[in-house]
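Chemist: For reference, the file final_0.txt (compact mmCIF, C-alpha atoms) is included below:
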# COMPACT_ATOMS: atom_id res chain seq x y z
CA MET A 28 -15.99 -6.80 11.23
CA HIS A 29 -15.47 -8.55 7.95
CA ASP A 30 -19.17 -8.89 7.35
CA GLU A 31 -19.48 -5.29 6.28
CA LYS A 32 -17.00 -5.63 3.46
CA SER A 33 -18.08 -6.29 -0.08
CA THR A 34 -17.31 -9.57 -1.81
CA GLU A 35 -15.00 -7.77 -4.17
CA GLN A 36 -13.10 -6.17 -1.31
CA ARG A 37 -12.62 -9.48 0.40
CA LEU A 38 -11.43 -11.21 -2.75
CA ARG A 39 -9.02 -8.36 -3.46
CA GLU A 40 -7.69 -8.40 0.10
CA ALA A 41 -7.20 -12.15 0.08
CA GLU A 42 -5.39 -11.95 -3.23
CA ALA A 43 -3.28 -9.01 -2.08
CA GLU A 44 -2.33 -11.04 1.01
CA VAL A 45 -1.23 -13.98 -1.13
CA ARG A 46 0.78 -11.63 -3.35
CA ARG A 47 2.34 -9.90 -0.35
CA LEU A 48 3.36 -13.21 1.20
CA SER A 49 4.73 -14.51 -2.12
CA GLY A 50 6.82 -11.35 -2.36
CA LEU A 51 8.18 -11.77 1.16
CA LEU A 52 8.87 -15.42 0.43
CA GLU A 53 11.19 -14.50 -2.41
CA GLN A 54 13.17 -12.17 -0.15
CA ARG A 55 13.74 -14.48 2.75
CA THR A 56 15.37 -17.82 3.48
CA GLY A 57 15.66 -20.42 6.24
CA GLY A 58 13.21 -20.92 9.10
CA ASP A 59 11.47 -17.73 8.15
CA GLN A 60 10.66 -19.25 4.82
CA GLU A 61 9.01 -22.27 6.36
CA HIS A 62 6.82 -20.04 8.46
CA LEU A 63 5.88 -17.98 5.41
CA ILE A 64 5.02 -21.06 3.38
CA LEU A 65 2.68 -22.07 6.18
CA GLN A 66 1.03 -18.66 6.17
CA LEU A 67 0.78 -18.77 2.40
CA GLU A 68 -0.88 -22.16 2.50
CA ARG A 69 -3.33 -20.89 5.08
CA SER A 70 -4.24 -17.85 2.98
CA ASN A 71 -4.72 -20.07 -0.03
CA GLN A 72 -6.91 -22.41 1.96
CA GLU A 73 -9.02 -19.49 3.17
CA LEU A 74 -9.46 -18.28 -0.39
CA LYS A 75 -10.67 -21.72 -1.48
CA GLN A 76 -12.96 -21.95 1.52
CA PHE A 77 -14.35 -18.55 0.64
CA ALA A 78 -15.41 -19.73 -2.81
CA TYR A 79 -17.17 -22.71 -1.30
CA ILE A 80 -18.99 -20.57 1.27
CA VAL A 81 -20.11 -18.21 -1.49
CA SER A 82 -21.42 -21.11 -3.53
CA HIS A 83 -23.19 -23.02 -0.85
CA ASP A 84 -24.15 -20.73 1.98
CA LEU A 85 -25.30 -17.82 -0.16
CA LYS A 86 -27.11 -19.94 -2.69
CA ALA A 87 -29.20 -21.90 -0.20
CA PRO A 88 -31.22 -18.91 1.10
CA LEU A 89 -31.38 -17.52 -2.42
CA ARG A 90 -32.98 -20.73 -3.64
CA ALA A 91 -35.52 -20.49 -0.83
CA ILE A 92 -36.37 -16.89 -1.77
CA SER A 93 -36.78 -17.95 -5.40
CA SER A 94 -39.08 -20.84 -4.53
CA LEU A 95 -41.22 -18.91 -2.04
CA THR A 96 -41.67 -16.05 -4.52
CA GLN A 97 -42.74 -18.42 -7.29
CA TRP A 98 -45.21 -20.13 -4.94
CA ILE A 99 -46.72 -16.84 -3.82
CA ALA A 100 -47.09 -15.91 -7.50
CA GLU A 101 -48.76 -19.26 -8.25
CA ASP A 102 -50.94 -19.70 -5.18
CA TYR A 103 -52.17 -16.13 -4.76
CA ALA A 104 -52.24 -14.98 -8.40
CA ASP A 105 -55.88 -13.88 -8.15
CA ARG A 106 -55.23 -11.68 -5.11
CA PHE A 107 -52.59 -9.50 -6.76
CA ASP A 108 -53.39 -6.48 -8.88
CA GLU A 109 -51.15 -5.50 -11.78
CA ASP A 110 -48.70 -3.58 -9.55
CA GLY A 111 -48.35 -6.55 -7.25
CA ARG A 112 -47.69 -8.90 -10.15
CA GLU A 113 -45.05 -6.56 -11.56
CA GLN A 114 -43.30 -6.34 -8.20
CA LEU A 115 -43.23 -10.11 -7.96
CA SER A 116 -41.76 -10.47 -11.42
CA LEU A 117 -39.10 -7.85 -10.58
CA LEU A 118 -38.30 -9.81 -7.43
CA ILE A 119 -37.85 -13.03 -9.41
CA GLY A 120 -35.60 -11.18 -11.89
CA ARG A 121 -33.39 -9.87 -9.06
CA VAL A 122 -33.02 -13.36 -7.63
CA ARG A 123 -31.74 -14.58 -11.03
CA ARG A 124 -29.27 -11.70 -11.16
CA MET A 125 -28.01 -12.49 -7.68
CA GLU A 126 -27.42 -16.05 -8.80
CA GLN A 127 -25.45 -14.85 -11.82
CA LEU A 128 -23.31 -12.65 -9.57
CA ILE A 129 -22.54 -15.58 -7.26
CA GLU A 130 -21.65 -17.73 -10.27
CA GLY A 131 -19.43 -14.87 -11.48
CA VAL A 132 -17.48 -14.78 -8.21
CA LEU A 133 -17.02 -18.54 -8.44
CA HIS A 134 -15.74 -18.33 -12.02
CA TYR A 135 -13.35 -15.60 -10.98
CA SER A 136 -12.01 -17.54 -8.02
CA ARG A 137 -11.61 -20.72 -10.06
CA ILE A 138 -9.22 -19.00 -12.48
CA GLY A 139 -5.72 -19.34 -11.17
CA ARG A 140 -6.70 -22.09 -8.75
CA ILE A 141 -7.42 -24.68 -11.40
CA ARG A 142 -4.91 -24.73 -14.21
CA GLU A 143 -4.81 -26.84 -17.30
CA GLU A 144 -1.58 -27.88 -18.99
CA PRO A 145 -0.64 -25.20 -21.54
CA VAL A 146 -1.19 -26.27 -25.13
CA ASP A 147 -0.70 -24.66 -28.55
CA VAL A 148 -3.86 -22.76 -29.38
CA ASN A 149 -4.59 -21.88 -33.00
CA THR A 150 -6.31 -18.51 -32.52
CA ASN A 151 -7.59 -18.44 -36.09
CA LYS A 152 -9.51 -21.65 -35.55
CA LEU A 153 -10.56 -20.43 -32.10
CA MET A 154 -12.13 -17.23 -33.53
CA ASN A 155 -14.07 -19.18 -36.14
CA GLU A 156 -15.39 -21.56 -33.50
CA LEU A 157 -16.41 -18.62 -31.32
CA ILE A 158 -18.30 -16.90 -34.14
CA VAL A 159 -20.31 -20.05 -34.78
CA LEU A 160 -21.00 -20.30 -31.04
CA LEU A 161 -22.01 -16.63 -30.64
CA ALA A 162 -24.16 -16.61 -33.80
CA PRO A 163 -24.11 -12.81 -34.35
CA PRO A 164 -27.20 -11.25 -35.98
CA ALA A 165 -27.10 -10.64 -39.75
CA SER A 166 -26.66 -6.88 -39.16
CA ILE A 167 -23.22 -7.44 -37.58
CA ARG A 168 -20.21 -8.48 -39.65
CA ILE A 169 -17.19 -9.98 -37.91
CA GLY A 170 -13.93 -9.82 -39.88
CA ILE A 171 -10.95 -11.91 -38.84
CA ALA A 172 -7.38 -11.30 -40.01
CA THR A 173 -6.10 -14.17 -42.12
CA HIS A 174 -2.82 -14.46 -40.20
CA LEU A 175 -3.68 -14.99 -36.57
CA PRO A 176 -0.94 -16.70 -34.57
CA VAL A 177 -0.63 -19.88 -32.55
CA VAL A 178 -0.28 -19.01 -28.86
CA ARG A 179 0.58 -21.19 -25.90
CA GLY A 180 -1.80 -21.39 -22.96
CA ASP A 181 -4.97 -22.75 -21.48
CA LYS A 182 -7.36 -23.27 -24.40
CA THR A 183 -10.60 -22.95 -22.42
CA ARG A 184 -9.47 -19.76 -20.68
CA LEU A 185 -8.13 -18.12 -23.84
CA GLY A 186 -11.42 -19.02 -25.50
CA GLN A 187 -13.21 -17.20 -22.64
CA VAL A 188 -11.08 -14.08 -23.28
CA PHE A 189 -12.07 -13.74 -26.91
CA GLN A 190 -15.61 -14.96 -26.33
CA ASN A 191 -16.16 -12.20 -23.77
CA LEU A 192 -14.64 -9.53 -26.02
CA LEU A 193 -16.65 -10.59 -29.07
CA SER A 194 -19.92 -11.07 -27.19
CA ASN A 195 -19.55 -7.60 -25.60
CA ALA A 196 -18.98 -6.07 -29.04
CA ILE A 197 -22.14 -7.81 -30.31
CA LYS A 198 -24.25 -7.08 -27.22
CA PHE A 199 -23.57 -3.34 -27.07
CA MET A 200 -23.62 -2.68 -30.85
CA ASP A 201 -25.75 0.42 -31.53
CA LYS A 202 -25.20 0.89 -35.28
CA PRO A 203 -27.51 -0.56 -37.95
CA GLN A 204 -24.44 -2.00 -39.71
CA GLY A 205 -22.16 -3.45 -37.05
CA GLU A 206 -18.49 -4.01 -37.89
CA ILE A 207 -16.24 -6.06 -35.61
CA ARG A 208 -12.65 -6.75 -36.57
CA VAL A 209 -10.06 -9.06 -34.99
CA ASP A 210 -6.38 -8.39 -35.81
CA CYS A 211 -2.99 -9.30 -34.46
CA VAL A 212 0.55 -7.97 -34.92
CA ALA A 213 3.89 -9.06 -33.47
CA GLU A 214 5.46 -6.50 -31.11
CA GLY A 215 8.80 -7.51 -29.61
CA GLY A 216 8.25 -10.61 -27.56
CA MET A 217 4.48 -10.29 -27.60
CA TRP A 218 1.51 -10.86 -29.86
CA HIS A 219 -0.78 -7.83 -29.77
CA PHE A 220 -4.41 -8.78 -30.50
CA THR A 221 -7.12 -6.19 -31.08
CA VAL A 222 -10.88 -6.63 -31.14
CA ALA A 223 -12.30 -3.44 -32.68
CA ASP A 224 -15.94 -2.46 -33.08
CA ASN A 225 -17.95 0.49 -34.39
CA GLY A 226 -20.27 0.43 -31.38
CA PRO A 227 -21.11 3.20 -28.86
CA GLY A 228 -17.57 3.65 -27.53
CA ILE A 229 -16.52 4.14 -23.90
CA PRO A 230 -15.70 7.46 -22.14
CA GLU A 231 -12.00 7.71 -21.29
CA LYS A 232 -12.63 8.05 -17.56
CA GLU A 233 -14.17 4.55 -17.60
CA PHE A 234 -11.22 2.81 -19.32
CA GLU A 235 -9.90 1.39 -16.04
CA ARG A 236 -13.18 0.90 -14.24
CA ILE A 237 -14.76 -1.44 -16.81
CA PHE A 238 -12.14 -4.08 -15.96
CA GLN A 239 -13.13 -4.07 -12.27
CA ILE A 240 -15.43 -6.74 -10.94
CA PHE A 241 -19.21 -6.05 -11.11
CA GLN A 242 -18.75 -2.68 -12.82
CA THR A 243 -21.08 -1.98 -15.74
CA LEU A 244 -21.61 1.16 -17.82
CA HIS A 245 -25.35 0.66 -18.18
CA ALA A 246 -28.23 0.18 -15.82
CA ARG A 247 -28.52 -3.54 -15.18
CA ASP A 248 -32.06 -3.57 -16.59
CA GLU A 249 -30.92 -2.17 -19.94
CA TYR A 250 -28.52 -5.00 -20.73
CA ASP A 251 -28.29 -8.40 -19.13
CA SER A 252 -24.81 -7.98 -17.78
CA THR A 253 -23.16 -8.86 -14.50
CA GLY A 254 -19.91 -6.95 -14.93
CA ILE A 255 -17.72 -10.01 -14.61
CA GLY A 256 -16.68 -10.59 -18.25
CA LEU A 257 -13.88 -8.03 -18.61
CA THR A 258 -12.58 -8.82 -15.11
CA LEU A 259 -12.14 -12.42 -16.25
CA VAL A 260 -10.47 -11.24 -19.49
CA LYS A 261 -7.91 -9.19 -17.58
CA LYS A 262 -7.17 -11.87 -15.02
CA ILE A 263 -6.75 -14.65 -17.58
CA VAL A 264 -4.54 -12.54 -19.84
CA GLU A 265 -2.35 -11.47 -16.89
CA LEU A 266 -1.99 -15.08 -15.75
CA HIS A 267 -0.70 -15.85 -19.24
CA GLY A 268 1.91 -13.08 -18.88
CA GLY A 269 0.12 -10.50 -21.02
CA GLN A 270 -1.95 -7.35 -20.57
CA ALA A 271 -5.46 -6.20 -21.45
CA TRP A 272 -6.71 -2.63 -21.94
CA VAL A 273 -9.09 -0.55 -24.00
CA THR A 274 -8.91 2.50 -26.27
CA SER A 275 -12.04 4.14 -27.60
CA THR A 276 -13.63 7.13 -29.31
CA LEU A 277 -17.05 7.95 -27.94
CA GLY A 278 -19.73 7.40 -30.55
CA LYS A 279 -17.34 5.75 -33.00
CA GLY A 280 -16.32 2.50 -31.35
CA SER A 281 -13.88 0.72 -29.04
CA VAL A 282 -10.72 -1.30 -29.47
CA PHE A 283 -9.90 -3.95 -26.88
CA HIS A 284 -6.22 -4.83 -26.72
CA VAL A 285 -4.78 -8.11 -25.48
CA THR A 286 -1.11 -9.06 -25.48
CA LEU A 287 0.17 -12.61 -25.09
CA PRO A 288 3.77 -13.86 -25.07
CA ARG A 289 5.18 -15.00 -28.43
CA THR A 290 6.29 -18.48 -27.55
CA THR A 291 6.08 -19.68 -31.13
CA SER A 292 6.69 -17.77 -34.35
CA LEU A 293 4.06 -19.76 -36.20
CA PHE A 294 1.08 -18.15 -37.84
CA ALA A 295 -1.98 -20.33 -37.69
CA SER A 296 -2.14 -20.62 -41.45
CA GLU A 297 1.32 -22.25 -41.39
CA ALA A 298 0.60 -24.52 -38.48
CA CYS A 299 -0.70 -27.99 -38.93
CA ASP A 300 -4.06 -28.93 -37.54
CA LEU A 301 -3.87 -27.83 -33.92
CA MET B 29 -41.66 -43.89 -8.56
CA LYS B 30 -42.14 -47.60 -8.97
CA GLY B 31 -44.78 -49.13 -6.71
CA THR B 32 -46.44 -47.43 -3.78
CA ARG B 33 -43.66 -47.49 -1.22
CA PRO B 34 -42.71 -44.17 0.40
CA ILE B 35 -39.91 -41.80 -0.65
CA LEU B 36 -37.52 -40.83 2.15
CA LEU B 37 -36.16 -37.29 1.95
CA VAL B 38 -33.15 -36.51 4.14
CA GLU B 39 -33.01 -32.72 4.20
CA ASP B 40 -32.47 -30.17 6.97
CA ASP B 41 -33.69 -27.04 5.15
CA ARG B 42 -37.43 -26.55 5.58
CA VAL B 43 -37.98 -24.65 2.33
CA ASP B 44 -35.93 -27.20 0.37
CA ALA B 45 -38.07 -29.96 1.86
CA MET B 46 -41.19 -27.99 0.89
CA THR B 47 -39.78 -27.60 -2.62
CA VAL B 48 -39.39 -31.35 -3.08
CA GLN B 49 -42.83 -31.98 -1.61
CA ARG B 50 -44.43 -29.38 -3.86
CA ALA B 51 -42.60 -30.60 -6.96
CA LEU B 52 -43.70 -34.20 -6.31
CA ARG B 53 -47.30 -33.06 -5.91
CA LYS B 54 -47.09 -30.96 -9.08
CA ILE B 55 -45.98 -33.92 -11.19
CA HIS B 56 -48.57 -36.19 -9.48
CA VAL B 57 -46.24 -38.63 -7.76
CA GLY B 58 -48.45 -40.79 -5.57
CA ASN B 59 -45.79 -42.24 -3.27
CA PRO B 60 -45.98 -40.78 0.24
CA LEU B 61 -43.05 -38.55 1.26
CA THR B 62 -41.31 -38.82 4.62
CA THR B 63 -38.81 -36.12 5.61
CA VAL B 64 -36.06 -36.29 8.21
CA GLY B 65 -33.51 -33.58 9.00
CA ASN B 66 -30.22 -35.48 9.23
CA GLY B 67 -28.45 -38.79 8.64
CA GLU B 68 -28.84 -40.11 12.19
CA ASP B 69 -32.61 -39.66 12.18
CA ALA B 70 -32.76 -41.24 8.73
CA LEU B 71 -30.85 -44.34 9.89
CA ALA B 72 -33.01 -44.65 13.00
CA ARG B 73 -36.13 -44.48 10.88
CA LEU B 74 -34.84 -47.03 8.36
CA ARG B 75 -33.83 -49.48 11.12
CA ASP B 76 -37.22 -49.29 12.86
CA PRO B 77 -39.22 -52.32 11.60
CA GLU B 78 -42.45 -50.37 12.21
CA ASN B 79 -41.72 -48.21 9.17
CA GLU B 80 -42.24 -49.31 5.59
CA ARG B 81 -38.98 -49.56 3.62
CA PRO B 82 -38.72 -46.61 1.14
CA CYS B 83 -38.38 -47.21 -2.61
CA ILE B 84 -35.79 -44.45 -2.90
CA ILE B 85 -33.87 -42.03 -0.66
CA LEU B 86 -33.28 -38.40 -1.72
CA LEU B 87 -30.26 -37.14 0.20
CA ASP B 88 -28.91 -33.67 0.94
CA LEU B 89 -25.16 -33.57 1.67
CA ASN B 90 -24.73 -30.57 3.93
CA MET B 91 -26.59 -31.38 7.15
CA PRO B 92 -25.97 -31.12 10.88
CA ARG B 93 -25.00 -34.18 13.00
CA MET B 94 -24.58 -36.93 10.42
CA ASN B 95 -23.97 -35.42 6.98
CA GLY B 96 -24.91 -36.97 3.64
CA ILE B 97 -21.62 -38.72 2.90
CA GLU B 98 -21.48 -40.25 6.41
CA PHE B 99 -25.06 -41.42 5.97
CA LEU B 100 -24.22 -43.01 2.60
CA ALA B 101 -21.26 -44.87 4.09
CA ALA B 102 -23.43 -46.13 6.98
CA ILE B 103 -26.33 -47.32 4.83
CA LYS B 104 -24.08 -49.08 2.30
CA ALA B 105 -22.37 -50.94 5.16
CA ASP B 106 -25.75 -52.24 6.34
CA ASP B 107 -26.81 -55.45 4.52
CA ALA B 108 -30.47 -54.82 5.23
CA LEU B 109 -30.45 -51.30 3.76
CA LYS B 110 -27.75 -51.18 1.11
CA LYS B 111 -30.03 -52.07 -1.81
CA ILE B 112 -32.18 -48.95 -1.44
CA PRO B 113 -31.11 -46.50 -4.16
CA VAL B 114 -29.86 -43.18 -2.78
CA VAL B 115 -29.93 -40.13 -5.04
CA VAL B 116 -27.90 -37.17 -3.82
CA LEU B 117 -29.74 -33.85 -4.13
CA THR B 118 -27.41 -31.00 -3.26
CA THR B 119 -26.26 -27.45 -4.01
CA SER B 120 -22.66 -28.57 -4.22
CA LYS B 121 -21.02 -28.89 -7.64
CA ASP B 122 -17.78 -29.65 -5.84
CA GLU B 123 -15.72 -32.39 -7.50
CA MET B 124 -14.79 -33.93 -4.11
CA ASP B 125 -18.45 -34.21 -3.10
CA ARG B 126 -19.25 -35.97 -6.39
CA ILE B 127 -16.34 -38.37 -6.01
CA LYS B 128 -17.16 -39.16 -2.38
CA SER B 129 -20.84 -39.71 -3.21
CA PHE B 130 -20.15 -42.24 -5.96
CA ASP B 131 -17.33 -43.88 -3.96
CA ASN B 132 -19.94 -44.50 -1.29
CA GLY B 133 -22.48 -46.02 -3.64
CA ALA B 134 -24.77 -43.12 -4.59
CA ALA B 135 -27.20 -44.08 -7.39
CA GLY B 136 -27.19 -40.54 -8.79
CA TYR B 137 -26.10 -36.98 -8.12
CA MET B 138 -28.35 -34.02 -8.90
CA VAL B 139 -27.52 -30.35 -8.28
CA LYS B 140 -30.47 -28.35 -6.94
CA PRO B 141 -31.23 -25.50 -9.33
CA VAL B 142 -31.94 -22.09 -7.80
CA ASP B 143 -34.97 -21.66 -10.04
CA TYR B 144 -38.06 -23.51 -8.81
CA VAL B 145 -39.31 -24.39 -12.32
CA GLN B 146 -35.98 -26.04 -13.08
CA PHE B 147 -36.15 -27.78 -9.72
CA VAL B 148 -39.43 -29.36 -10.78
CA ASP B 149 -37.69 -30.60 -13.96
CA VAL B 150 -34.99 -32.26 -11.86
CA ILE B 151 -37.56 -34.02 -9.68
CA GLN B 152 -39.47 -35.04 -12.83
CA THR B 153 -36.30 -36.61 -14.27
CA ILE B 154 -35.59 -38.52 -11.05
CA ASN B 155 -39.20 -39.72 -10.99
CA LEU B 156 -39.16 -40.89 -14.63
CA TYR B 157 -35.94 -42.83 -14.17
CA TRP B 158 -37.02 -44.51 -10.95
CA THR B 159 -40.42 -45.34 -12.43
CA LEU B 160 -38.79 -47.17 -15.35
CA SER B 161 -35.88 -48.73 -13.47
CA GLU B 162 -36.46 -52.17 -11.93
CA LEU B 163 -35.74 -52.46 -8.21
CA PRO B 164 -34.85 -55.50 -6.09
CA GLY B 165 -37.90 -56.83 -4.24
Go ahead and render the structure in this file as structure tokens.
Modeler:
Amino acid sequence: MHDEKSTEQRLREAEAEVRRLSGLLEQRTGGDQEHLILQLERSNQELKQFAYIVSHDLKAPLRAISSLTQWIAEDYADRFDEDGREQLSLLIGRVRRMEQLIEGVLHYSRIGRIREEPVDVNTNKLMNELIVLLAPPASIRIGIATHLPVVRGDKTRLGQVFQNLLSNAIKFMDKPQGEIRVDCVAEGGMWHFTVADNGPGIPEKEFERIFQIFQTLHARDEYDSTGIGLTLVKKIVELHGGQAWVTSTLGKGSVFHVTLPRTTSLFASEACDL
Amino acid sequence: MKGTRPILLVEDDRVDAMTVQRALRKIHVGNPLTTVGNGEDALARLRDPENERPCIILLDLNMPRMNGIEFLAAIKADDALKKIPVVVLTTSKDEMDRIKSFDNGAAGYMVKPVDYVQFVDVIQTINLYWTLSELPG
């Protein structure tokens, strides 16, 4: 029964199926190929359908739970003691989290399905826009290398990559003076970006796991996090032909690495207004 | 809403119908609310001369029997009913649902928020607009 599988498992299986069929497709020709295309289309269709079911069918009962809880809290406020009120407020909090998780799955499934035309993205300008958007507290300084390159890709998605990395660095900062630094060097055919922080750091055994969907290092109540951000980062970067990983020293900070193909040799400072 | 004519809610989910009813009461909308569970029942009700014509129709899209889009197409093809504004109230953010709704003459498209307090805001906005907007007699 499929019902017992987790959302993540199902998504992974569906994706693996699409990848498997794409692989087979490359190997074969003729009538076989036609059959495979058909299967591929069906898998794709199922994946799309899945996103819709998640959005609609799971959200409808969730909305009902949210409403009924709020009404009980409003209508019977005087009949609850403090414990009862706390349980109700925890319940409402969990409903919100569930909604964020559903939205996360939808975001994840939309990447790769909906693609924008690739454009030249001035990453220097992008970082400055993101810093304004994220409005870090005065105790955190974000330094940006002067020579960040122009890369080619989907501007919204690439913005999401760096927004997630920067907002994580801000969110988990545990030092009174936070330092975040964005750099980039050319390495062969790739640009190698780094987002480094002097935050808590990540144990080595978690380096892989943090990129998996819905995985967080902290109790969900400690930080408001769904565990979708780094999964999106990895998927977007891979779709652009690059890689994403982390290196870290516990207690001293983390460095998130992102590589993207060097399609242009321009540095943003040399480029015209992109 | 403008005047005293009833509001027709086409919605199959009981809690969603309760949500609209409760939100209308909370913001002191005086117009009576009638609820039906699908497009067919809504059309039958609208075509029965015994019933007062509603000032506005709030329409869910995902319903059994006749769904929201089919209902929109049917009501806009009916000269006697096509002037009643229909506001879609749905969970779907799907681009195709939005396109089909406006292609079929929807007067608005609102996504139901999960959070009840935000839901009340949505109903408040619909109410304000349709209190200010003039309607054909």
Chemist: Calculated over only C-alpha atoms, which of the candidates A:Glu126, A:Glu265, A:Glu231, A:Glu42 has the smallest distance to chain B?
Modeler: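 For chain B, the nearest of the given residues is A:Glu126.
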Chemist: In terms of the shortest atom-to-atom distance over only C-alpha atoms, which of B:Asp106, B:Asp143, B:Glu39, B:Asp149 is closest to chain A?
Modeler: B:Asp143
Chemist: Extract, using only C-alpha atoms, all DNA, RNA and protein residues at most 9 Å from A:Ala87, discarding same-chain residues fewer than 2 positions from it, and format them as an NGL selection string.
Modeler: (:A and (82-85 or 89-92)) or (:B and (41 or 44 or 119 or 142))
Chemist: Nearest to B:Pro92: which of B:Ile112, B:Ala135, B:Ala51, B:Val38 is it, counting all atoms listed in the file?
Modeler: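 For B:Pro92, the nearest of the given residues is B:Val38.
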Chemist: Rank B:Leu37, B:Val115, B:Val148, B:Val64 by their smallest atom-to-atom distance to chain A, using all atoms listed in the file, and report the top residue only.
Modeler: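 Residue with the minimum atom-to-atom distance to chain A: B:Val148.
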Chemist: To one decimal in Å, tell me the separation between atom CA of B:Gln152 and atom CA of B:Ala105.
Modeler: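 For atom CA of B:Gln152 relative to atom CA of B:Ala105, the distance reads 29.5 Å.
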Chemist: Find the residues around B:Ser161 up to 12 Å (only C-alpha atoms counted), leave out those fewer than 2 positions away in its own chain, and share them as an MDAnalysis selection string.
Modeler: chainID B and resid 29:31 83:84 113 135 154:159 163:164
Chemist: Restricting it to C-alpha atoms, dump the selection as a JSON list (two decimals), in the coordinates of the input.
Modeler:
[["chain", "number", "residue", "atom", "x", "y", "z"],
["B", 29, "MET", "CA", -41.66, -43.89, -8.56],
["B", 30, "LYS", "CA", -42.14, -47.60, -8.97],
["B", 31, "GLY", "CA", -44.78, -49.13, -6.71],
["B", 83, "CYS", "CA", -38.38, -47.21, -2.61],
["B", 84, "ILE", "CA", -35.79, -44.45, -2.90],
["B", 113, "PRO", "CA", -31.11, -46.50, -4.16],
["B", 135, "ALA", "CA", -27.20, -44.08, -7.39],
["B", 154, "ILE", "CA", -35.59, -38.52, -11.05],
["B", 155, "ASN", "CA", -39.20, -39.72, -10.99],
["B", 156, "LEU", "CA", -39.16, -40.89, -14.63],
["B", 157, "TYR", "CA", -35.94, -42.83, -14.17],
["B", 158, "TRP", "CA", -37.02, -44.51, -10.95],
["B", 159, "THR", "CA", -40.42, -45.34, -12.43],
["B", 163, "LEU", "CA", -35.74, -52.46, -8.21],
["B", 164, "PRO", "CA", -34.85, -55.50, -6.09]]
Chemist: Kindly give the distance, in Å, that separates atom CA of A:Gly256 and atom CA of A:Pro203, rounded to a single decimal.
Modeler: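 Atom CA of A:Pro203 lies at a distance of 24.6 Å from atom CA of A:Gly256.
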Chemist: Do you know which residues lie at most 10 Å from (-25.6, -42.3, 6.8), with coordinates as in the file and all atoms listed in the file counted, and could you write them as a ChimeraX atom specification?
Modeler: /B:38,66-72,87,94-106
Chemist: With C-alpha atoms retained, write the just-selected residues as a compact mmCIF listing (two decimals), in the coordinates of the input.
Modeler:
# COMPACT_ATOMS: atom_id res chain seq x y z
CA VAL B 38 -33.15 -36.51 4.14
CA ASN B 66 -30.22 -35.48 9.23
CA GLY B 67 -28.45 -38.79 8.64
CA GLU B 68 -28.84 -40.11 12.19
CA ASP B 69 -32.61 -39.66 12.18
CA ALA B 70 -32.76 -41.24 8.73
CA LEU B 71 -30.85 -44.34 9.89
CA ALA B 72 -33.01 -44.65 13.00
CA LEU B 87 -30.26 -37.14 0.20
CA MET B 94 -24.58 -36.93 10.42
CA ASN B 95 -23.97 -35.42 6.98
CA GLY B 96 -24.91 -36.97 3.64
CA ILE B 97 -21.62 -38.72 2.90
CA GLU B 98 -21.48 -40.25 6.41
CA PHE B 99 -25.06 -41.42 5.97
CA LEU B 100 -24.22 -43.01 2.60
CA ALA B 101 -21.26 -44.87 4.09
CA ALA B 102 -23.43 -46.13 6.98
CA ILE B 103 -26.33 -47.32 4.83
CA LYS B 104 -24.08 -49.08 2.30
CA ALA B 105 -22.37 -50.94 5.16
CA ASP B 106 -25.75 -52.24 6.34
Chemist: Give me, as a PyMOL selection string, the contact residues of chain B against chain A at a cut-off of 12 Å, counting all atoms listed in the file.
Modeler: chain B and resi 40-48+50-51+54+88-90+118-125+139-148
